[in-house]
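> Data: input.cif, mmCIF, C-alpha atoms.
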data_entry
#
loop_
_atom_site.label_atom_id
_atom_site.label_comp_id
_atom_site.auth_asym_id
_atom_site.auth_seq_id
_atom_site.Cartn_x
_atom_site.Cartn_y
_atom_site.Cartn_z
CA MET Y 840 17.33 -155.61 46.22
CA SER Y 841 16.86 -152.02 47.37
CA VAL Y 842 14.74 -150.64 44.49
CA ARG Y 843 11.57 -152.15 43.05
CA ILE Y 844 9.07 -150.83 40.50
CA ALA Y 845 5.68 -152.45 41.18
CA SER Y 846 3.16 -152.74 38.36
CA GLU Y 847 0.60 -154.31 40.72
CA PRO Y 848 -0.70 -153.08 44.12
CA PHE Y 849 1.73 -153.71 46.98
CA ASP Y 850 1.44 -153.79 50.77
CA PRO Y 851 4.17 -151.56 52.26
CA TYR Y 852 3.98 -153.40 55.59
CA ASP Y 853 4.59 -156.77 53.91
CA GLU Y 854 7.57 -155.18 52.14
CA LEU Y 855 8.95 -153.90 55.47
CA ARG Y 856 8.50 -157.27 57.16
CA ALA Y 857 10.31 -159.04 54.29
CA ALA Y 858 13.14 -156.50 54.39
CA GLU Y 859 13.53 -156.90 58.18
CA THR Y 860 13.63 -160.67 57.83
CA ALA Y 861 16.26 -160.38 55.09
CA LEU Y 862 18.43 -158.23 57.39
CA GLY Y 863 19.00 -161.33 59.51
CA GLU Y 864 21.88 -160.92 61.96
CA ARG Y 865 22.40 -157.32 60.79
CA ARG Y 866 19.24 -156.42 62.74
CA ARG Y 867 21.35 -156.59 65.90
CA ARG Y 868 23.14 -153.36 65.01
CA VAL Y 869 20.09 -151.49 63.71
CA GLY Y 870 18.89 -149.01 66.30
CA ALA Y 871 16.50 -147.07 64.08
CA ALA Y 872 14.23 -147.61 61.11
CA ALA Y 873 12.45 -144.72 59.39
CA THR Y 874 9.74 -145.28 56.82
CA PHE Y 875 7.59 -143.14 54.55
CA VAL Y 876 4.47 -144.42 52.81
CA GLY Y 877 2.84 -142.22 50.18
CA SER Y 878 -0.69 -143.09 49.04
CA MET Y 879 -3.11 -141.76 46.46
CA ARG Y 880 -5.51 -139.02 47.59
CA ASP Y 881 -9.06 -138.83 46.27
CA PHE Y 882 -8.74 -135.07 45.65
CA ASN Y 883 -6.34 -132.66 43.94
CA GLU Y 884 -6.63 -129.00 43.02
CA GLY Y 885 -10.12 -128.82 44.51
CA GLU Y 886 -11.55 -131.70 42.50
CA ALA Y 887 -12.36 -135.36 43.16
CA VAL Y 888 -9.90 -137.76 41.48
CA GLU Y 889 -11.22 -141.23 40.59
CA SER Y 890 -7.99 -142.94 39.56
CA MET Y 891 -4.48 -142.21 38.38
CA TRP Y 892 -2.12 -143.57 35.76
CA LEU Y 893 1.57 -143.65 36.72
CA GLU Y 894 4.09 -143.76 33.90
CA HIS Y 895 7.84 -144.30 34.25
CA TYR Y 896 10.91 -144.72 32.03
CA PRO Y 897 11.87 -148.40 32.35
CA GLY Y 898 15.61 -148.65 32.84
CA MET Y 899 16.24 -145.00 33.67
CA THR Y 900 13.84 -144.92 36.62
CA GLU Y 901 15.46 -147.93 38.32
CA ARG Y 902 18.95 -146.66 37.60
CA HIS Y 903 18.08 -143.20 38.95
CA LEU Y 904 16.58 -144.59 42.18
CA GLU Y 905 19.59 -146.86 42.70
CA GLY Y 906 21.80 -143.78 42.30
CA LEU Y 907 19.80 -141.95 44.97
CA VAL Y 908 20.21 -144.90 47.36
CA ALA Y 909 23.97 -145.08 46.66
CA ALA Y 910 24.35 -141.34 47.33
CA ALA Y 911 22.39 -141.64 50.59
CA ARG Y 912 24.53 -144.58 51.70
CA ALA Y 913 27.65 -142.47 51.08
CA ARG Y 914 26.27 -139.57 53.14
CA TRP Y 915 24.59 -141.36 56.06
CA GLN Y 916 25.35 -144.53 58.06
CA LEU Y 917 22.78 -146.91 56.63
CA ASP Y 918 22.52 -150.67 57.05
CA HIS Y 919 19.80 -151.00 54.46
CA ALA Y 920 17.53 -148.89 52.26
CA LEU Y 921 14.42 -149.84 50.31
CA ILE Y 922 12.35 -147.96 47.72
CA VAL Y 923 9.19 -149.45 46.19
CA HIS Y 924 7.18 -147.35 43.71
CA ARG Y 925 3.96 -148.17 41.89
CA VAL Y 926 3.34 -147.71 38.16
CA GLY Y 927 0.18 -148.34 36.17
CA GLU Y 928 -3.37 -147.68 37.36
CA VAL Y 929 -3.66 -146.56 40.99
CA ARG Y 930 -6.87 -145.95 42.94
CA PRO Y 931 -7.56 -143.70 45.98
CA GLY Y 932 -6.02 -145.18 49.12
CA ASP Y 933 -3.54 -147.36 47.21
CA PRO Y 934 0.08 -147.03 48.33
CA ILE Y 935 2.20 -145.31 45.65
CA VAL Y 936 5.63 -145.19 47.26
CA LEU Y 937 7.54 -146.73 50.16
CA VAL Y 938 10.90 -145.33 51.30
CA ALA Y 939 12.50 -147.17 54.23
CA VAL Y 940 15.94 -146.96 55.81
CA TRP Y 941 17.66 -148.85 58.61
CA SER Y 942 20.54 -147.37 60.61
CA ALA Y 943 22.31 -147.60 63.95
CA HIS Y 944 21.19 -144.04 64.76
CA ARG Y 945 17.85 -142.24 64.44
CA ALA Y 946 19.34 -139.01 63.03
CA HIS Y 947 20.75 -140.93 60.07
CA ALA Y 948 17.47 -142.79 59.60
CA PHE Y 949 15.18 -139.73 59.80
CA GLU Y 950 17.38 -137.47 57.67
CA SER Y 951 18.14 -139.97 54.93
CA CYS Y 952 14.51 -141.12 54.66
CA ARG Y 953 13.29 -137.54 54.23
CA HIS Y 954 16.10 -136.74 51.80
CA LEU Y 955 15.47 -139.84 49.65
CA MET Y 956 11.76 -139.08 49.46
CA GLU Y 957 12.27 -135.43 48.48
CA GLU Y 958 14.91 -136.35 45.88
CA LEU Y 959 12.59 -139.01 44.46
CA LYS Y 960 9.75 -136.49 44.23
CA SER Y 961 11.82 -133.86 42.44
CA THR Y 962 14.08 -135.96 40.20
CA ALA Y 963 12.89 -139.57 39.64
CA PRO Y 964 11.29 -140.13 36.21
CA PHE Y 965 7.64 -140.82 37.06
CA TRP Y 966 4.58 -138.99 35.72
CA LYS Y 967 1.00 -138.95 37.02
CA LYS Y 968 -2.11 -138.63 34.91
CA GLU Y 969 -5.27 -138.09 36.94
CA GLN Y 970 -8.74 -139.21 35.95
CA ALA Y 971 -11.07 -136.57 37.40
CA ALA Y 972 -14.76 -135.85 36.86
CA SER Y 973 -13.82 -133.15 34.35
CA GLY Y 974 -11.58 -135.54 32.37
CA ALA Y 975 -8.00 -136.81 32.30
CA ARG Y 976 -5.13 -134.43 33.05
CA TRP Y 977 -1.39 -134.73 33.57
CA VAL Y 978 -0.19 -133.47 36.95
CA ALA Y 979 1.99 -130.45 36.16
CA ASN Y 980 3.95 -130.15 39.40
CA ASN Y 981 4.42 -131.88 42.72
CA THR Y 982 3.26 -130.23 45.94
CA PRO Y 983 5.92 -128.65 48.21
CA GLY Y 984 7.81 -130.94 50.58
CA SER Y 985 7.96 -128.41 53.41
CA SER Y 986 4.98 -127.93 55.73
CA ALA Y 987 6.00 -124.25 55.98
CA GLU Y 988 4.81 -123.81 52.39
CA PHE Y 989 1.23 -124.81 53.28
CA GLU Y 990 -1.33 -122.50 54.87
CA PRO Y 991 -1.81 -123.29 58.58
CA ARG Y 992 -5.10 -125.02 59.43
CA MET M 328 23.86 -145.33 12.22
CA SER M 329 20.74 -143.90 13.78
CA ILE M 330 19.89 -143.18 17.38
CA LYS M 331 16.71 -144.03 19.24
CA VAL M 332 14.54 -141.13 20.42
CA ARG M 333 11.86 -141.51 23.10
CA PHE M 334 9.14 -139.22 24.45
CA PHE M 335 7.23 -139.66 27.71
CA ALA M 336 3.98 -138.62 29.42
CA SER M 337 2.36 -135.35 28.31
CA LEU M 338 5.25 -134.66 25.94
CA ALA M 339 4.56 -137.90 24.03
CA GLU M 340 0.96 -136.75 23.58
CA THR M 341 2.05 -133.28 22.42
CA VAL M 342 4.59 -134.66 19.96
CA GLY M 343 2.15 -137.38 18.85
CA ARG M 344 4.47 -140.37 19.27
CA ARG M 345 6.48 -142.22 21.87
CA GLU M 346 9.47 -143.29 19.77
CA ALA M 347 11.40 -142.14 16.75
CA GLU M 348 14.65 -142.89 14.95
CA CYS M 349 17.07 -140.14 14.01
CA ALA M 350 19.48 -141.06 11.20
CA HIS M 351 23.03 -139.72 10.94
CA ALA M 352 22.76 -138.16 14.40
CA GLU M 353 26.33 -138.77 15.61
CA GLY M 354 27.83 -135.46 16.70
CA LEU M 355 24.49 -133.69 16.91
CA THR M 356 23.52 -132.32 20.30
CA VAL M 357 20.44 -133.36 22.28
CA GLY M 358 18.86 -130.01 21.36
CA GLU M 359 19.63 -130.45 17.66
CA VAL M 360 18.08 -133.93 17.61
CA TRP M 361 14.90 -132.47 19.16
CA ALA M 362 14.73 -129.91 16.35
CA ARG M 363 15.31 -132.53 13.65
CA VAL M 364 12.75 -135.02 15.00
CA THR M 365 9.96 -132.62 16.03
CA GLY M 366 10.49 -129.85 13.47
CA GLU M 367 10.46 -127.29 16.28
CA PRO M 368 13.39 -124.84 16.26
CA ALA M 369 14.49 -125.26 19.88
CA LEU M 370 13.95 -127.42 22.93
CA PRO M 371 11.03 -125.82 24.86
CA GLU M 372 11.77 -124.49 28.34
CA GLY M 373 11.01 -127.06 31.03
CA VAL M 374 11.56 -130.12 28.83
CA LEU M 375 14.00 -132.52 30.52
CA CYS M 376 16.45 -134.72 28.58
CA ALA M 377 18.28 -137.97 29.22
CA VAL M 378 20.95 -139.84 27.28
CA ASN M 379 21.38 -143.58 27.89
CA HIS M 380 19.15 -143.47 31.00
CA ALA M 381 20.93 -140.55 32.73
CA TYR M 382 19.94 -136.87 32.87
CA SER M 383 21.64 -134.76 30.22
CA THR M 384 21.83 -131.18 29.02
CA ALA M 385 20.67 -129.89 25.63
CA ASP M 386 24.27 -129.25 24.49
CA HIS M 387 25.42 -132.85 25.06
CA ALA M 388 26.80 -134.35 21.81
CA LEU M 389 25.45 -137.78 20.87
CA GLY M 390 27.37 -140.86 19.84
CA GLU M 391 26.60 -144.04 17.96
CA ASP M 392 23.79 -146.19 19.40
CA ASP M 393 22.85 -143.59 22.03
CA GLU M 394 19.27 -143.44 23.28
CA VAL M 395 17.96 -139.92 23.90
CA ALA M 396 14.74 -139.18 25.79
CA TYR M 397 12.63 -136.06 26.30
CA PHE M 398 10.07 -135.66 29.06
CA PRO M 399 8.15 -133.10 31.14
CA PRO M 400 8.84 -132.23 34.82
CA VAL M 401 8.55 -135.35 36.98
CA THR M 402 5.57 -135.91 39.30
CA GLY M 403 6.18 -139.22 41.08
CA GLY M 404 5.97 -140.15 44.74
#
Would you give me this structure, written as structure tokens?

Amino acid sequence: MSVRIASEPFDPYDELRAAETALGERRRRVGAAATFVGSMRDFNEGEAVESMWLEHYPGMTERHLEGLVAAARARWQLDHALIVHRVGEVRPGDPIVLVAVWSAHRAHAFESCRHLMEELKSTAPFWKKEQAASGARWVANNTPGSSAEFEPR
Amino acid sequence: MSIKVRFFASLAETVGRREAECAHAEGLTVGEVWARVTGEPALPEGVLCAVNHAYSTADHALGEDDEVAYFPPVTGG
């Protein structure tokens, strides 16, 4: 299974270990694995955030993510791909998303992992509601995916 | 036959419900169903739509037993 919606906390490193084990003999041709783990921050828009509620559209969200994986497999040489995404109540430090890909070549692994994550961010039906000191608020937009769009430190 | 209408996240709060039924909706577009169910004249800018779990446009015509959904910009990941 390459897509999983998790309603309880998950350990991304346990997920990776299980996926590697499941690869079995196919591991022999995998030369590169690229992974992205996104976790909840305890701040947003200059304010402390205590917790977050993640909503999704059961049925559409899974179907959409499976479509993203299928499109990535058509574009890059991938032996396996895995997306795990949390829903429900999330607390600071909790993993929210895992995107992992396995390929014979690092270019395919790096590029497809980044692409899958950015497509997920901009198109997958998930919505975040933050619980901050000033009250609950829906997150209006995601932050940019390019470091060039942030001010240098 | 009626179709099932669903609202998500901040849009469900704005509309005041998460689900609705729309009777005699066959042939209506996604935008027309929005107007009939919410009483608003047109689909607000930025509202996203899906039909049967796939993204759709406001001018898509609905068929029997379709499920149409409206939701705000996505913020996952």
> Mind running chain Y against chain M at 12 Å and telling me each contacting residue's nearest atom pair with the distance in Å (one decimal), counting all atoms listed in the file, chain and number ascending, as a tab-separated table?

residue	atom	partner	partner_atom	distance
Y:Ile844	CA	M:Gly404	CA	11.9
Y:Phe875	CA	M:Gly404	CA	10.4
Y:Val876	CA	M:Gly404	CA	9.3
Y:Gly877	CA	M:Gly404	CA	6.6
Y:Ser878	CA	M:Gly404	CA	8.5
Y:Met879	CA	M:Gly404	CA	9.4
Y:Arg880	CA	M:Gly404	CA	11.9
Y:Met891	CA	M:Gly403	CA	11.4
Y:Trp892	CA	M:Ala336	CA	10.1
Y:Leu893	CA	M:Gly403	CA	7.7
Y:Glu894	CA	M:Ala336	CA	6.8
Y:His895	CA	M:Phe335	CA	8.0
Y:Tyr896	CA	M:Phe335	CA	7.6
Y:Pro897	CA	M:His380	CA	8.9
Y:Gly898	CA	M:His380	CA	6.5
Y:Met899	CA	M:His380	CA	4.2
Y:Thr900	CA	M:His380	CA	7.9
Y:Glu901	CA	M:His380	CA	9.3
Y:Arg902	CA	M:His380	CA	7.3
Y:His903	CA	M:Ala381	CA	7.3
Y:Leu904	CA	M:Ala381	CA	11.2
Y:Glu905	CA	M:Ala381	CA	11.9
Y:Gly906	CA	M:Ala381	CA	10.1
Y:Ile922	CA	M:Gly404	CA	10.5
Y:Val923	CA	M:Gly404	CA	9.9
Y:His924	CA	M:Gly404	CA	7.4
Y:Arg925	CA	M:Gly404	CA	8.7
Y:Val926	CA	M:Gly403	CA	9.4
Y:Gly927	CA	M:Gly403	CA	12.0
Y:Pro934	CA	M:Gly404	CA	9.7
Y:Ile935	CA	M:Gly404	CA	6.5
Y:Val936	CA	M:Gly404	CA	5.6
Y:Leu937	CA	M:Gly404	CA	8.7
Y:Val938	CA	M:Gly404	CA	9.7
Y:Leu955	CA	M:Gly404	CA	10.7
Y:Met956	CA	M:Gly404	CA	7.5
Y:Glu957	CA	M:Gly404	CA	8.7
Y:Glu958	CA	M:Gly404	CA	9.8
Y:Leu959	CA	M:Gly404	CA	6.7
Y:Lys960	CA	M:Gly404	CA	5.3
Y:Ser961	CA	M:Val401	CA	6.5
Y:Thr962	CA	M:Val401	CA	6.4
Y:Ala963	CA	M:Val401	CA	6.6
Y:Pro964	CA	M:Val401	CA	5.6
Y:Phe965	CA	M:Gly403	CA	4.6
Y:Trp966	CA	M:Thr402	CA	4.8
Y:Lys967	CA	M:Thr402	CA	5.9
Y:Lys968	CA	M:Ala336	CA	8.2
Y:Glu969	CA	M:Thr402	CA	11.3
Y:Ala975	CA	M:Ser337	CA	11.2
Y:Arg976	CA	M:Ser337	CA	8.9
Y:Trp977	CA	M:Ser337	CA	6.5
Y:Val978	CA	M:Thr402	CA	6.7
Y:Ala979	CA	M:Pro400	CA	7.2
Y:Asn980	CA	M:Thr402	CA	6.0
Y:Asn981	CA	M:Thr402	CA	5.4
Y:Thr982	CA	M:Thr402	CA	9.0
Y:Pro983	CA	M:Thr402	CA	11.5
Y:Gly984	CA	M:Gly404	CA	11.1
> Starting from the PyMOL selection byres ((chain M and resi 345-350) around 8), expand the selection into actual residues of this file and give them as a PyMOL selection string.
chain M and resi 328-335+339-340+343-344+351-352+360+363-364
> Just so the selection is clear, what residues does the PyMOL selection byres ((chain M and resi 390) around 8) cover here, as a ChimeraX atom specification?
/M:352-354,388-389,391-393
> Residue by residue, what does the PyMOL selection byres ((chain M and resi 387) around 6) grab here? Present the result as a PyMOL selection string.
chain M and resi 356-357+384-386+388
> Could you please determine the separation between atom CA of Y:Glu884 and atom CA of Y:Cys952 in Å, to one decimal place?
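If I compute the distance from atom CA of Y:Glu884 to atom CA of Y:Cys952, I get 27.0 Å.
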> In Å, how far is it from atom CA of Y:Val842 to atom CA of Y:Val888?
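Computing it gives 28.0 Å between the two atoms.
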> What is the atom CA of Y:Glu886-atom CA of Y:Ala971 distance in Å, reported with one decimal?
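Going from atom CA of Y:Glu886 over to atom CA of Y:Ala971, I get 7.1 Å.
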> Which polymer residues have any atom within 7 Å of an atom of Y:Ala887, counting all atoms listed in the file, with same-chain residues fewer than 2 positions away left out, as an MDAnalysis selection string?
chainID Y and resid 881:883 889 971:972
> Hey, can you spit out that residue selection with C-alpha atoms as a JSON list (two decimals), keeping the file's coordinate frame?

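The new file result38.json reads:
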[["chain", "number", "residue", "atom", "x", "y", "z"],
["Y", 881, "ASP", "CA", -9.06, -138.83, 46.27],
["Y", 882, "PHE", "CA", -8.74, -135.07, 45.65],
["Y", 883, "ASN", "CA", -6.34, -132.66, 43.94],
["Y", 889, "GLU", "CA", -11.22, -141.23, 40.59],
["Y", 971, "ALA", "CA", -11.07, -136.57, 37.40],
["Y", 972, "ALA", "CA", -14.76, -135.85, 36.86]]
> Return the single residue from Y:Ser973, Y:Ala948, Y:Arg912, Y:Ala939 that is closest to Y:Tyr852, with distances computed using only C-alpha atoms.
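Nearest to Y:Tyr852: Y:Ala939.
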> Identify, on the basis of only C-alpha atoms, every residue whose closest approach to M:Pro368 does not exceed 10 Å; exclude the query and any residue fewer than 5 positions from it along the same chain; express the result as number ranges by chain.
M: 358-359, 361-363
